[in-house]
file my_file.cif (mmCIF, C-alpha atoms)
data_work
loop_
_atom_site.label_atom_id
_atom_site.label_comp_id
_atom_site.auth_asym_id
_atom_site.auth_seq_id
_atom_site.Cartn_x
_atom_site.Cartn_y
_atom_site.Cartn_z
CA MET A 174 92.78 -84.81 96.52
CA SER A 175 95.35 -87.55 97.27
CA ASP A 176 98.41 -87.31 99.53
CA THR A 177 100.58 -86.90 96.45
CA THR A 178 98.44 -84.03 95.26
CA THR A 179 98.67 -82.40 98.70
CA THR A 180 102.44 -82.83 98.69
CA LEU A 181 102.71 -81.31 95.24
CA ARG A 182 100.43 -78.46 96.29
CA ALA A 183 102.58 -77.91 99.40
CA GLU A 184 105.69 -77.73 97.24
CA THR A 185 104.03 -75.27 94.89
CA LEU A 186 102.96 -73.09 97.80
CA ARG A 187 106.46 -73.26 99.30
CA ASN A 188 108.04 -72.22 96.01
CA GLU A 189 105.52 -69.39 95.60
CA GLN A 190 106.19 -68.08 99.11
CA LEU A 191 109.96 -68.24 98.64
CA GLN A 192 109.66 -66.59 95.23
CA ILE A 193 107.58 -63.70 96.61
CA ARG A 194 110.08 -63.30 99.45
CA ARG A 195 113.11 -63.38 97.15
CA VAL A 196 111.65 -60.93 94.65
CA ARG A 197 110.98 -58.54 97.54
CA ILE A 198 114.54 -58.97 98.85
CA ASP A 199 116.03 -58.47 95.38
CA ARG A 200 114.22 -55.14 95.23
CA MET A 201 115.32 -54.27 98.73
CA PHE A 202 118.93 -54.91 97.74
CA ALA A 203 118.50 -52.83 94.56
CA VAL A 204 117.52 -49.89 96.78
CA LEU A 205 120.26 -50.68 99.29
CA LEU A 206 122.93 -50.85 96.57
CA ALA A 207 121.78 -47.47 95.22
CA VAL A 208 121.81 -45.95 98.72
CA GLN A 209 125.28 -47.37 99.37
CA TYR A 210 126.43 -45.90 96.05
CA VAL A 211 125.30 -42.42 97.08
CA ALA A 212 126.76 -42.92 100.57
CA GLY A 213 130.07 -43.92 98.99
CA ILE A 214 130.19 -40.71 96.95
CA VAL A 215 129.20 -38.58 99.96
CA GLY A 216 131.82 -40.38 102.05
CA ALA A 217 134.52 -39.84 99.45
CA LEU A 218 133.61 -36.15 99.20
CA ALA A 219 133.66 -35.83 102.99
CA VAL A 220 136.86 -37.77 103.70
CA SER A 221 139.05 -36.94 100.72
CA PRO A 222 137.43 -34.57 98.22
CA TYR A 223 140.57 -33.29 96.55
CA ALA A 224 144.15 -34.21 95.85
CA TRP A 225 146.45 -31.21 95.89
CA GLN A 226 149.48 -30.14 93.96
CA GLY A 227 150.65 -27.10 95.87
CA LYS A 228 147.95 -24.49 95.27
CA GLU A 229 146.09 -26.49 92.66
CA ARG A 230 143.42 -28.98 93.53
CA VAL A 231 141.89 -31.78 91.51
CA LEU A 232 139.13 -34.21 92.36
CA HIS A 233 140.56 -37.00 94.50
CA MET A 234 140.92 -40.44 92.95
CA HIS A 235 138.56 -41.79 95.61
CA VAL A 236 135.74 -39.58 94.31
CA TRP A 237 136.23 -40.92 90.79
CA VAL A 238 136.36 -44.48 92.07
CA ALA A 239 133.18 -43.89 94.13
CA VAL A 240 131.34 -42.44 91.12
CA LEU A 241 132.57 -44.69 88.31
CA GLY A 242 133.66 -47.81 90.17
CA GLY A 243 130.57 -47.71 92.39
CA ALA A 244 128.29 -47.34 89.34
CA GLY A 245 130.00 -50.25 87.64
CA ILE A 246 129.56 -52.47 90.67
CA ILE A 247 125.83 -51.80 91.11
CA ILE A 248 124.64 -51.60 87.49
CA LEU A 249 124.31 -55.35 86.87
CA PRO A 250 122.63 -56.34 90.15
CA ILE A 251 120.14 -53.47 89.91
CA LEU A 252 119.24 -54.37 86.31
CA LEU A 253 118.86 -58.02 87.30
CA ALA A 254 116.69 -57.06 90.27
CA ILE A 255 114.44 -55.07 87.94
CA PHE A 256 114.28 -57.45 84.96
CA ARG A 257 115.04 -60.86 86.51
CA PRO A 258 113.86 -60.66 90.11
CA GLY A 259 113.71 -63.88 92.07
CA THR A 260 116.15 -65.85 89.91
CA VAL A 261 119.15 -67.74 91.31
CA LEU A 262 121.56 -65.70 89.14
CA THR A 263 120.17 -62.39 90.45
CA ARG A 264 120.70 -63.15 94.11
CA HIS A 265 124.21 -64.52 93.55
CA VAL A 266 125.22 -61.42 91.56
CA ILE A 267 123.68 -59.27 94.31
CA ALA A 268 125.70 -61.18 96.94
CA ALA A 269 128.94 -60.65 95.00
CA SER A 270 128.14 -56.96 94.40
CA GLN A 271 127.29 -56.38 98.03
CA MET A 272 130.70 -57.74 99.06
CA LEU A 273 132.43 -55.63 96.41
CA SER A 274 130.54 -52.60 97.75
CA SER A 275 131.93 -53.45 101.19
CA ALA A 276 135.46 -53.50 99.77
CA LEU A 277 134.85 -50.15 98.07
CA LEU A 278 133.42 -48.52 101.19
CA ILE A 279 136.37 -49.77 103.24
CA HIS A 280 138.73 -48.11 100.79
CA LEU A 281 136.76 -44.87 100.66
CA THR A 282 136.77 -44.49 104.41
CA GLY A 283 140.52 -44.95 104.50
CA GLY A 284 140.36 -48.54 105.70
CA ARG A 285 138.48 -47.71 108.89
CA ILE A 286 138.08 -50.84 110.94
CA GLU A 287 134.46 -49.87 111.64
CA THR A 288 133.62 -50.09 107.94
CA HIS A 289 134.66 -53.75 107.97
CA PHE A 290 131.43 -54.40 109.89
CA HIS A 291 129.63 -53.72 106.61
CA VAL A 292 130.71 -57.21 105.51
CA PHE A 293 129.08 -58.85 108.51
CA GLY A 294 125.91 -56.76 108.26
CA SER A 295 125.65 -57.61 104.56
CA LEU A 296 125.92 -61.33 105.25
CA ALA A 297 123.04 -61.04 107.71
CA PHE A 298 120.93 -59.23 105.07
CA LEU A 299 121.80 -61.87 102.48
CA ALA A 300 120.52 -64.55 104.84
CA PHE A 301 117.01 -63.07 104.34
CA TYR A 302 116.95 -64.94 101.03
CA LEU A 303 116.77 -68.24 102.95
CA ASP A 304 119.23 -69.59 100.38
CA TRP A 305 122.45 -70.62 102.10
CA GLN A 306 124.30 -70.92 98.78
CA VAL A 307 124.14 -67.12 98.43
CA LEU A 308 126.24 -66.87 101.60
CA ILE A 309 128.82 -69.16 100.04
CA THR A 310 129.12 -66.85 97.02
CA ALA A 311 129.57 -63.84 99.30
CA THR A 312 132.16 -65.66 101.40
CA VAL A 313 134.10 -66.80 98.34
CA ILE A 314 134.24 -63.20 97.09
CA VAL A 315 135.51 -61.92 100.46
CA ALA A 316 138.05 -64.74 100.79
CA ALA A 317 139.24 -64.35 97.19
CA ASP A 318 139.59 -60.59 97.66
CA HIS A 319 141.71 -61.11 100.77
CA PHE A 320 143.71 -63.98 99.25
CA LEU A 321 144.59 -62.16 96.02
CA ARG A 322 145.30 -58.84 97.70
CA GLY A 323 147.23 -60.69 100.40
CA ILE A 324 149.56 -61.99 97.70
CA TYR A 325 149.81 -58.99 95.39
CA TRP A 326 148.93 -56.06 97.65
CA PRO A 327 149.12 -57.12 101.30
CA GLU A 328 149.44 -53.58 102.66
CA SER A 329 145.99 -52.65 101.40
CA VAL A 330 144.25 -55.42 103.28
CA TYR A 331 146.40 -56.22 106.33
CA GLY A 332 148.35 -53.01 106.83
CA VAL A 333 151.70 -54.75 106.64
CA ALA A 334 153.84 -55.55 103.64
CA ASN A 335 155.05 -58.94 104.85
CA ALA A 336 151.81 -60.67 105.79
CA GLU A 337 151.83 -64.47 105.79
CA TRP A 338 150.12 -66.01 102.74
CA TRP A 339 147.62 -67.83 104.98
CA ARG A 340 146.47 -64.72 106.79
CA PHE A 341 143.38 -64.47 104.59
CA LEU A 342 142.22 -67.66 106.31
CA GLU A 343 142.06 -65.80 109.62
CA HIS A 344 139.88 -63.06 108.12
CA ALA A 345 137.74 -65.51 106.17
CA GLY A 346 137.49 -67.64 109.31
CA TRP A 347 135.46 -64.97 111.11
CA VAL A 348 133.18 -64.71 108.11
CA VAL A 349 132.75 -68.50 108.14
CA PHE A 350 132.01 -68.25 111.88
CA GLU A 351 129.04 -66.02 111.09
CA ASP A 352 128.12 -68.14 108.06
CA VAL A 353 127.67 -71.24 110.21
CA PHE A 354 124.84 -69.59 112.15
CA LEU A 355 123.35 -67.85 109.14
CA ILE A 356 123.33 -71.05 107.08
CA TRP A 357 121.69 -72.82 109.98
CA SER A 358 119.06 -70.07 110.21
CA CYS A 359 118.51 -70.28 106.42
CA ILE A 360 117.88 -74.01 106.64
CA LEU A 361 115.54 -73.58 109.64
CA GLY A 362 113.74 -70.68 107.95
CA SER A 363 113.36 -72.69 104.76
CA ARG A 364 111.91 -75.59 106.76
CA GLU A 365 109.46 -73.23 108.46
CA VAL A 366 108.29 -71.95 105.08
CA ALA A 367 107.88 -75.57 103.90
CA ALA A 368 105.94 -76.46 107.07
CA SER A 369 103.71 -73.42 106.66
CA ALA A 370 103.09 -74.38 103.01
CA ALA A 371 102.29 -77.98 104.03
CA ARG A 372 99.80 -76.73 106.63
CA GLN A 373 98.16 -74.47 104.06
CA ALA A 374 97.98 -77.33 101.53
CA GLU A 375 96.42 -79.56 104.18
CA VAL A 376 93.85 -76.87 105.07
CA GLU A 377 93.06 -76.42 101.39
CA HIS A 378 92.70 -80.19 101.05
CA LEU A 379 90.36 -80.43 104.05
CA SER A 380 88.39 -77.42 102.86
CA GLU A 381 88.02 -78.97 99.43
CA GLN A 382 86.82 -82.23 100.97
CA GLU A 383 84.29 -80.35 103.10
CA GLN A 384 83.05 -78.53 100.03
CA LEU A 385 82.63 -81.85 98.19
CA LYS A 386 80.76 -83.29 101.17
CA SER A 387 78.51 -80.24 101.34
CA ALA A 388 77.86 -80.40 97.63
CA ALA A 389 77.01 -84.13 97.88
CA LEU A 390 74.73 -83.45 100.86
CA GLU A 391 72.96 -80.62 99.06
CA MET A 392 72.51 -82.85 96.03
CA ALA A 393 71.05 -85.64 98.20
CA ILE A 394 68.65 -83.19 99.92
CA ALA A 395 67.59 -81.85 96.55
CA GLU A 396 66.94 -85.40 95.27
CA MET A 397 64.89 -86.23 98.41
CA GLN A 398 62.83 -83.09 98.00
CA ALA A 399 62.25 -83.91 94.33
CA THR A 400 61.02 -87.44 95.10
CA ALA A 401 58.84 -86.35 98.07
CA MET B 134 112.13 -59.18 70.88
CA LYS B 135 111.87 -57.65 74.35
CA ARG B 136 113.47 -60.76 75.86
CA ARG B 137 116.42 -60.50 73.48
CA TRP B 138 116.83 -56.81 74.34
CA ILE B 139 116.88 -57.58 78.06
CA ILE B 140 119.44 -60.40 77.64
CA GLY B 141 121.64 -58.08 75.53
CA ALA B 142 121.43 -55.28 78.10
CA LEU B 143 122.24 -57.66 80.94
CA SER B 144 125.21 -59.11 79.02
CA ILE B 145 126.62 -55.63 78.46
CA ALA B 146 126.01 -54.81 82.13
CA ALA B 147 127.87 -58.00 83.10
CA LEU B 148 130.87 -56.95 81.01
CA VAL B 149 130.79 -53.42 82.44
CA TRP B 150 130.52 -54.92 85.93
CA ALA B 151 133.58 -57.15 85.55
CA ALA B 152 135.60 -54.46 83.76
CA THR B 153 134.74 -51.82 86.37
CA VAL B 154 135.71 -54.01 89.29
CA ALA B 155 139.09 -54.77 87.66
CA ALA B 156 139.63 -51.12 86.66
CA ALA B 157 138.69 -49.79 90.11
CA TYR B 158 141.12 -52.19 91.80
CA LYS B 159 143.87 -51.21 89.39
CA ALA B 160 143.20 -47.47 89.74
CA ILE B 161 143.19 -47.58 93.54
CA ARG B 162 146.29 -49.77 93.57
CA ARG B 163 148.17 -47.43 91.28
CA PHE B 164 147.05 -44.31 93.14
CA GLU B 165 147.90 -45.60 96.60
CA SER B 166 151.18 -47.26 95.75
CA THR B 167 152.69 -44.53 93.59
CA PRO B 168 155.08 -42.50 95.73
CA GLY B 169 155.38 -38.75 95.49
CA LEU B 170 158.44 -36.93 94.32
CA ALA B 171 161.43 -37.98 96.43
CA ALA B 172 163.31 -35.26 98.25
CA ILE B 173 166.58 -33.82 97.07
CA ALA B 174 167.74 -33.19 100.57
CA PRO B 175 171.02 -31.54 101.50
CA ALA B 176 173.30 -33.77 103.57
CA SER B 177 173.25 -31.33 106.47
CA TRP B 178 170.79 -28.96 108.11
CA PRO B 179 169.96 -26.06 105.74
CA ILE B 180 171.63 -23.04 107.33
CA ARG B 181 169.10 -20.58 105.90
CA SER B 182 166.19 -22.38 107.53
CA GLY B 183 164.10 -20.43 110.02
CA VAL B 184 163.45 -23.60 112.03
CA GLN B 185 165.44 -23.55 115.26
CA ARG B 186 167.76 -26.51 115.67
CA ALA B 187 169.34 -26.97 119.08
CA GLU B 188 173.00 -27.85 118.75
CA GLY B 189 173.61 -31.40 119.88
CA ALA B 190 169.93 -32.39 119.77
CA TRP B 191 168.43 -34.71 117.19
CA THR B 192 165.75 -32.95 115.13
CA LEU B 193 162.84 -34.34 113.15
CA VAL B 194 161.07 -32.27 110.49
CA MET B 195 157.90 -33.24 108.64
CA LEU B 196 156.46 -31.31 105.71
CA VAL B 197 152.68 -31.31 105.43
CA HIS B 198 150.11 -30.00 102.97
CA PRO B 199 147.12 -29.19 105.23
CA HIS B 200 144.53 -30.20 102.63
CA CYS B 201 146.17 -33.50 101.73
CA SER B 202 143.82 -36.15 103.10
CA CYS B 203 146.58 -38.76 102.74
CA SER B 204 148.65 -36.82 105.28
CA ARG B 205 146.30 -37.81 108.09
CA ALA B 206 148.11 -41.14 107.94
CA SER B 207 151.50 -39.38 108.06
CA ILE B 208 150.50 -37.47 111.20
CA LYS B 209 149.22 -40.69 112.75
CA GLU B 210 152.54 -42.36 111.98
CA LEU B 211 154.44 -39.37 113.34
CA GLU B 212 152.57 -39.80 116.61
CA ALA B 213 153.76 -43.43 116.70
CA VAL B 214 157.33 -42.34 115.93
CA LEU B 215 157.32 -39.72 118.69
CA GLU B 216 156.03 -42.26 121.19
CA LYS B 217 158.92 -44.61 120.44
CA ALA B 218 161.71 -42.12 119.79
CA PRO B 219 163.82 -40.72 122.66
CA PRO B 220 162.17 -37.68 124.32
CA SER B 221 165.25 -35.60 123.48
CA VAL B 222 164.33 -35.60 119.76
CA ARG B 223 162.87 -32.20 118.83
CA SER B 224 160.20 -32.37 116.20
CA TYR B 225 158.60 -29.85 113.86
CA VAL B 226 155.65 -30.08 111.51
CA LEU B 227 155.89 -27.49 108.77
CA VAL B 228 152.43 -26.75 107.37
CA TYR B 229 152.39 -25.41 103.84
CA ARG B 230 150.38 -22.24 103.11
CA PRO B 231 150.52 -20.17 99.93
CA HIS B 232 150.55 -16.45 100.75
CA GLU B 233 147.62 -15.64 98.46
CA PHE B 234 145.23 -17.87 100.38
CA PRO B 235 143.25 -16.31 103.25
CA ALA B 236 144.36 -16.75 106.83
CA GLY B 237 142.90 -19.92 108.25
CA TRP B 238 143.14 -21.80 104.96
CA GLU B 239 145.59 -24.14 106.63
CA ARG B 240 143.30 -24.88 109.61
CA THR B 241 142.19 -28.32 108.51
CA ASP B 242 141.85 -31.62 110.35
CA VAL B 243 145.44 -32.41 109.31
CA TYR B 244 146.61 -29.18 110.94
CA ASP B 245 144.52 -29.86 114.04
CA ALA B 246 145.92 -33.39 114.31
CA ALA B 247 149.46 -31.97 114.08
CA THR B 248 148.77 -29.45 116.85
CA ARG B 249 147.51 -32.28 119.07
CA LEU B 250 150.85 -34.09 118.87
CA ARG B 251 152.36 -33.74 122.31
CA ARG B 252 155.98 -33.34 121.31
CA ALA B 253 155.77 -31.52 117.98
CA HIS B 254 155.95 -27.82 117.19
CA VAL B 255 153.70 -26.75 114.33
CA LEU B 256 154.99 -23.95 112.12
CA ILE B 257 153.49 -22.35 109.03
CA ASP B 258 155.64 -22.72 105.94
CA GLU B 259 154.60 -19.81 103.74
CA ASP B 260 154.80 -20.64 100.04
CA GLY B 261 156.79 -23.76 100.89
CA ARG B 262 160.01 -21.83 101.41
CA GLU B 263 161.18 -24.15 104.16
CA ALA B 264 160.19 -27.19 102.11
CA ALA B 265 162.42 -25.90 99.32
CA LEU B 266 165.32 -25.38 101.75
CA PHE B 267 164.94 -28.90 103.11
CA GLY B 268 164.58 -30.21 99.55
CA GLY B 269 161.15 -31.81 100.01
CA PHE B 270 158.30 -31.76 97.49
CA THR B 271 155.73 -34.11 98.94
CA SER B 272 153.40 -33.90 101.92
CA GLY B 273 154.47 -36.38 104.58
CA GLN B 274 158.16 -35.99 103.74
CA THR B 275 160.13 -36.50 106.93
CA PHE B 276 163.73 -35.67 107.75
CA LEU B 277 165.77 -36.71 110.77
CA TYR B 278 168.98 -34.86 111.60
CA ASP B 279 171.50 -35.92 114.21
CA GLY B 280 173.05 -33.70 116.87
CA ASP B 281 175.64 -32.43 114.39
CA GLY B 282 172.96 -31.47 111.88
CA GLN B 283 173.75 -34.36 109.54
CA LEU B 284 170.84 -35.94 107.67
CA ARG B 285 170.14 -39.46 108.95
CA PHE B 286 166.74 -40.23 107.46
CA GLU B 287 164.67 -38.82 104.64
CA GLY B 288 161.42 -40.11 103.20
CA GLY B 289 157.90 -41.00 104.14
CA ILE B 290 156.74 -42.89 107.20
CA THR B 291 153.53 -44.38 105.80
CA LEU B 292 153.04 -47.68 104.07
CA LEU B 293 151.12 -46.31 101.11
CA ARG B 294 149.19 -43.21 100.22
CA GLY B 295 146.80 -42.58 103.10
CA ASP B 296 147.54 -45.95 104.73
CA ALA B 297 148.80 -45.92 108.28
CA GLY B 298 150.31 -49.06 109.73
CA LEU B 299 153.59 -50.80 110.35
CA ASN B 300 156.12 -49.99 107.67
CA SER B 301 159.86 -49.87 107.16
CA GLY B 302 159.88 -46.02 107.06
CA ARG B 303 158.42 -45.73 110.53
CA ALA B 304 160.52 -48.61 111.86
CA GLY B 305 163.67 -47.18 110.27
CA ILE B 306 163.36 -43.71 111.72
CA ILE B 307 162.58 -45.09 115.20
CA ARG B 308 165.59 -47.42 115.01
CA ILE B 309 167.96 -44.64 113.88
CA ALA B 310 166.67 -42.23 116.55
CA ASN B 311 167.04 -44.82 119.31
CA THR B 312 170.40 -46.29 118.31
CA GLN B 313 171.72 -42.93 117.08
CA SER B 314 173.43 -44.75 114.27
CA GLY B 315 172.84 -45.59 110.64
CA LYS B 316 170.94 -43.90 107.86
CA GLY B 317 167.66 -44.61 106.17
CA THR B 318 165.24 -43.69 103.44
CA HIS B 319 161.72 -44.66 102.43
CA PRO B 320 159.32 -43.67 99.64
CA VAL B 321 157.03 -40.79 100.53
CA PHE B 322 153.29 -40.91 99.78
CA GLY B 323 151.19 -37.77 99.69
CA CYS B 324 150.09 -34.72 97.74
CA ALA B 325 152.65 -32.49 96.11
CA ILE B 326 153.66 -29.38 98.01
CA SER B 327 155.55 -28.06 95.05
CA THR B 328 156.96 -29.28 91.80
CA LYS B 329 160.57 -30.29 91.34
CA PRO B 330 162.68 -27.13 91.03
CA ALA B 331 165.23 -26.48 88.35
CA LYS B 332 168.79 -27.45 89.17
CA GLY B 333 170.46 -25.01 91.53
CA GLU B 334 167.23 -23.66 93.07
CA ILE B 335 167.57 -25.68 96.26
CA ARG B 336 169.30 -24.18 99.29
#
call {"tool": "encode", "arguments": {"input": "my_file.cif", "output": "structure tokens"}}
result
Amino acid sequence: MSDTTTTLRAETLRNEQLQIRRVRIDRMFAVLLAVQYVAGIVGALAVSPYAWQGKERVLHMHVWVAVLGGAGIIILPILLAIFRPGTVLTRHVIAASQMLSSALLIHLTGGRIETHFHVFGSLAFLAFYLDWQVLITATVIVAADHFLRGIYWPESVYGVANAEWWRFLEHAGWVVFEDVFLIWSCILGSREVAASAARQAEVEHLSEQEQLKSAALEMAIAEMQATA
Amino acid sequence: MKRRWIIGALSIAALVWAATVAAAYKAIRRFESTPGLAAIAPASWPIRSGVQRAEGAWTLVMLVHPHCSCSRASIKELEAVLEKAPPSVRSYVLVYRPHEFPAGWERTDVYDAATRLRRAHVLIDEDGREAALFGGFTSGQTFLYDGDGQLRFEGGITLLRGDAGLNSGRAGIIRIANTQSGKGTHPVFGCAISTKPAKGEIR
């Protein structure tokens, strides 16, 4: 086996290891999205189950949004995780859906500041993919959500009606702050996987060479015994 | 064949995904930003009201539906108003309770939050009789009367439905109470306490 063959084998092993990892994480996110969906409904029922009109009560809008909106958000990523696990499209859709789930949970809990931590926790989970581009997708979704709502609906995101147009940059800035370290860890993690694959390819190469040597030695011994 | 079926299903899911996100945003936006029925408040303190108004003292009255989750924000804003308003302002939270509901029906977290306000008196408003006298229909509706019993502010003190935070309603009522001048109004966001009465039913 030549150096080129070892390099190619190392690349194949690296891709296989990343693929196995990403398929597993896709499935983990499918479960997480489903759990978040249920948690959203439970949260909506706990925080604001009904809207009232005097003595009459009707299901609160938040419950409908948790049931229908939540289902709409998770349907595509879960289907992709089941039928197209490990693909680039799947993990980017999952990243976008995870951020949209954060936005939904923030709404359902009445904009509790604590729920905003869901965004940062989600980014950390997304870094498990060892694909820094997924973090960019998630960040773009968060920034776009804040930018658009900052223009058309500033109260819902900043709590004041007259927020400056650039305020989304402040919010996105903290996300970028976390991204810097997560992207770095993705690149390091990816390098570690590549190094591990290279070591395995080298071991396989050496093992193959040893086997060839053993086979040649056995053949030579057999020939000597035959001529003796 | 199976591959085509999967691509078709994923395409439909993608459309549902995009449509749901847009629809959910729109639904929440509409729900939270649609104000409740504005008050038809008399210009002066309703004389038939059972709420005690001290002559010469400014009086604040808030109507609350105890099961309206959006009114948590109104109570939170009221707390902020009472912190900034002069201590001489007397304040009342009138908690709606229909007579046919069992005692304790009104004991919700909204009620508890109102009772925790240091400078507010919580009163039960059976069948919304007081709300009708004050001309309010929506939970979170707030009125501020001056020392002569003249209405100075009417409206809500939250930004949106269920959203606490800086807003012109809160700022307006604090400014009027502190300067003892001017008038103000603001949209009110919350559950309905009652429907709009026919003409002539108020007072």
call {"tool": "resolve_selection", "arguments": {"input": "my_file.cif", "expression": "the PyMOL selection byres ((chain B) within 7 of (chain A))", "output": "mmCIF file with C-alpha atoms, in the coordinates of the input"}}
result
data_model
loop_
_atom_site.group_PDB
_atom_site.id
_atom_site.type_symbol
_atom_site.label_atom_id
_atom_site.label_comp_id
_atom_site.auth_asym_id
_atom_site.auth_seq_id
_atom_site.Cartn_x
_atom_site.Cartn_y
_atom_site.Cartn_z
ATOM 1 C CA LEU B 143 122.240 -57.660 80.940
ATOM 2 C CA ALA B 146 126.010 -54.810 82.130
ATOM 3 C CA ALA B 147 127.870 -58.000 83.100
ATOM 4 C CA VAL B 149 130.790 -53.420 82.440
ATOM 5 C CA TRP B 150 130.520 -54.920 85.930
ATOM 6 C CA THR B 153 134.740 -51.820 86.370
ATOM 7 C CA VAL B 154 135.710 -54.010 89.290
ATOM 8 C CA ALA B 157 138.690 -49.790 90.110
ATOM 9 C CA CYS B 201 146.170 -33.500 101.730
ATOM 10 C CA SER B 202 143.820 -36.150 103.100
ATOM 11 C CA PRO B 231 150.520 -20.170 99.930
ATOM 12 C CA GLY B 295 146.800 -42.580 103.100
ATOM 13 C CA GLY B 298 150.310 -49.060 109.730
ATOM 14 C CA LEU B 299 153.590 -50.800 110.350
ATOM 15 C CA ASN B 300 156.120 -49.990 107.670
ATOM 16 C CA CYS B 324 150.090 -34.720 97.740
ATOM 17 C CA ALA B 325 152.650 -32.490 96.110
ATOM 18 C CA ILE B 326 153.660 -29.380 98.010
ATOM 19 C CA SER B 327 155.550 -28.060 95.050
#
call {"tool": "atom_distance", "arguments": {"input": "my_file.cif", "atom1": "CA of Ile290 (chain B)", "atom2": "CA of Ala265 (chain B)"}}
result
19.6 Å
call {"tool": "closest_residue", "arguments": {"input": "my_file.cif", "among": "A:Val315, A:Ala374, A:Leu206, A:Met272", "to": "Asp176 (chain A)", "atoms": "all atoms listed in the file"}}
result
A:Ala374
call {"tool": "closest_residue", "arguments": {"input": "my_file.cif", "among": "A:Val240, A:Leu308, A:Val196, A:Val313", "to": "Pro258 (chain A)", "atoms": "all atoms listed in the file"}}
result
A:Val196
call {"tool": "residues_around", "arguments": {"input": "my_file.cif", "residues": "Asp242 (chain B)", "least_positions_apart": "3", "cutoff": "10 Å", "atoms": "all atoms listed in the file", "output": "ChimeraX atom specification"}}
result
/B:199-202,204-205,239,245-248
call {"tool": "atom_distance", "arguments": {"input": "my_file.cif", "atom1": "CA of Val208 (chain A)", "atom2": "CA of Asp304 (chain A)"}}
result
23.8 Å
call {"tool": "residues_around", "arguments": {"input": "my_file.cif", "residues": "His319 (chain B)", "least_positions_apart": "6", "cutoff": "7 Å", "atoms": "all atoms listed in the file", "output": "list in words"}}
result
Glu287, Gly288, Gly289 and Gly302 of chain B
call {"tool": "resolve_selection", "arguments": {"input": "my_file.cif", "expression": "the PyMOL selection byres ((chain B and resi 207-216) around 10)", "output": "ChimeraX atom specification"}}
result
/B:193,195-197,202-206,217-220,222-224,226,243-244,246-253,272-275,289-300,302-308,310,321-323
call {"tool": "closest_residue", "arguments": {"input": "my_file.cif", "among": "B:Leu170, B:Ser301, B:Glu188, B:Asp279", "to": "Gly315 (chain B)", "atoms": "only C-alpha atoms"}}
result
B:Asp279
call {"tool": "residues_around", "arguments": {"input": "my_file.cif", "residues": "Trp339 (chain A)", "least_positions_apart": "6", "cutoff": "10 Å", "atoms": "only C-alpha atoms", "output": "list in words"}}
result
His319, Phe320, Gly323 and Ile324 of chain A
call {"tool": "closest_residue", "arguments": {"input": "my_file.cif", "among": "A:Gln398, A:Thr312, A:Gln373, A:Ser275", "to": "Thr179 (chain A)", "atoms": "all atoms listed in the file"}}
result
A:Gln373
call {"tool": "atom_distance", "arguments": {"input": "my_file.cif", "atom1": "CA of Ile161 (chain B)", "atom2": "CA of Ile309 (chain A)"}}
result
26.7 Å
call {"tool": "resolve_selection", "arguments": {"input": "my_file.cif", "expression": "the PyMOL selection byres ((chain B and resi 174) around 6)", "output": "list in words"}}
result
Ala172, Ile173, Pro175, Phe267 and Gly268 of chain B
call {"tool": "residues_near_point", "arguments": {"input": "my_file.cif", "point": "(170.8, -42.1, 104.1)", "cutoff": "9 Å", "atoms": "only C-alpha atoms", "output": "list in words"}}
result
Ala176, Leu284, Arg285, Phe286, Glu287, Gly315, Lys316, Gly317 and Thr318 of chain B
call {"tool": "residues_near_point", "arguments": {"input": "my_file.cif", "point": "(154.0, -15.2, 99.4)", "cutoff": "9 Å", "atoms": "only C-alpha atoms", "output": "MDAnalysis selection string"}}
result
chainID B and resid 230:233 259:260
call {"tool": "residues_around", "arguments": {"input": "my_file.cif", "residues": "His378 (chain A)", "least_positions_apart": "2", "cutoff": "12 Å", "atoms": "all atoms listed in the file", "output": "MDAnalysis selection string"}}
result
chainID A and resid 174:183 371:376 380:385
call {"tool": "write_last_selection", "arguments": {"input": "my_file.cif", "atoms": "C-alpha atoms", "output": "PDB file, in the frame of the given file"}}
result
ATOM      1  CA  MET A 174      92.780 -84.810  96.520  1.00  0.00           C
ATOM      2  CA  SER A 175      95.350 -87.550  97.270  1.00  0.00           C
ATOM      3  CA  ASP A 176      98.410 -87.310  99.530  1.00  0.00           C
ATOM      4  CA  THR A 177     100.580 -86.900  96.450  1.00  0.00           C
ATOM      5  CA  THR A 178      98.440 -84.030  95.260  1.00  0.00           C
ATOM      6  CA  THR A 179      98.670 -82.400  98.700  1.00  0.00           C
ATOM      7  CA  THR A 180     102.440 -82.830  98.690  1.00  0.00           C
ATOM      8  CA  LEU A 181     102.710 -81.310  95.240  1.00  0.00           C
ATOM      9  CA  ARG A 182     100.430 -78.460  96.290  1.00  0.00           C
ATOM     10  CA  ALA A 183     102.580 -77.910  99.400  1.00  0.00           C
ATOM     11  CA  ALA A 371     102.290 -77.980 104.030  1.00  0.00           C
ATOM     12  CA  ARG A 372      99.800 -76.730 106.630  1.00  0.00           C
ATOM     13  CA  GLN A 373      98.160 -74.470 104.060  1.00  0.00           C
ATOM     14  CA  ALA A 374      97.980 -77.330 101.530  1.00  0.00           C
ATOM     15  CA  GLU A 375      96.420 -79.560 104.180  1.00  0.00           C
ATOM     16  CA  VAL A 376      93.850 -76.870 105.070  1.00  0.00           C
ATOM     17  CA  SER A 380      88.390 -77.420 102.860  1.00  0.00           C
ATOM     18  CA  GLU A 381      88.020 -78.970  99.430  1.00  0.00           C
ATOM     19  CA  GLN A 382      86.820 -82.230 100.970  1.00  0.00           C
ATOM     20  CA  GLU A 383      84.290 -80.350 103.100  1.00  0.00           C
ATOM     21  CA  GLN A 384      83.050 -78.530 100.030  1.00  0.00           C
ATOM     22  CA  LEU A 385      82.630 -81.850  98.190  1.00  0.00           C
TER      23      LEU A 385
END
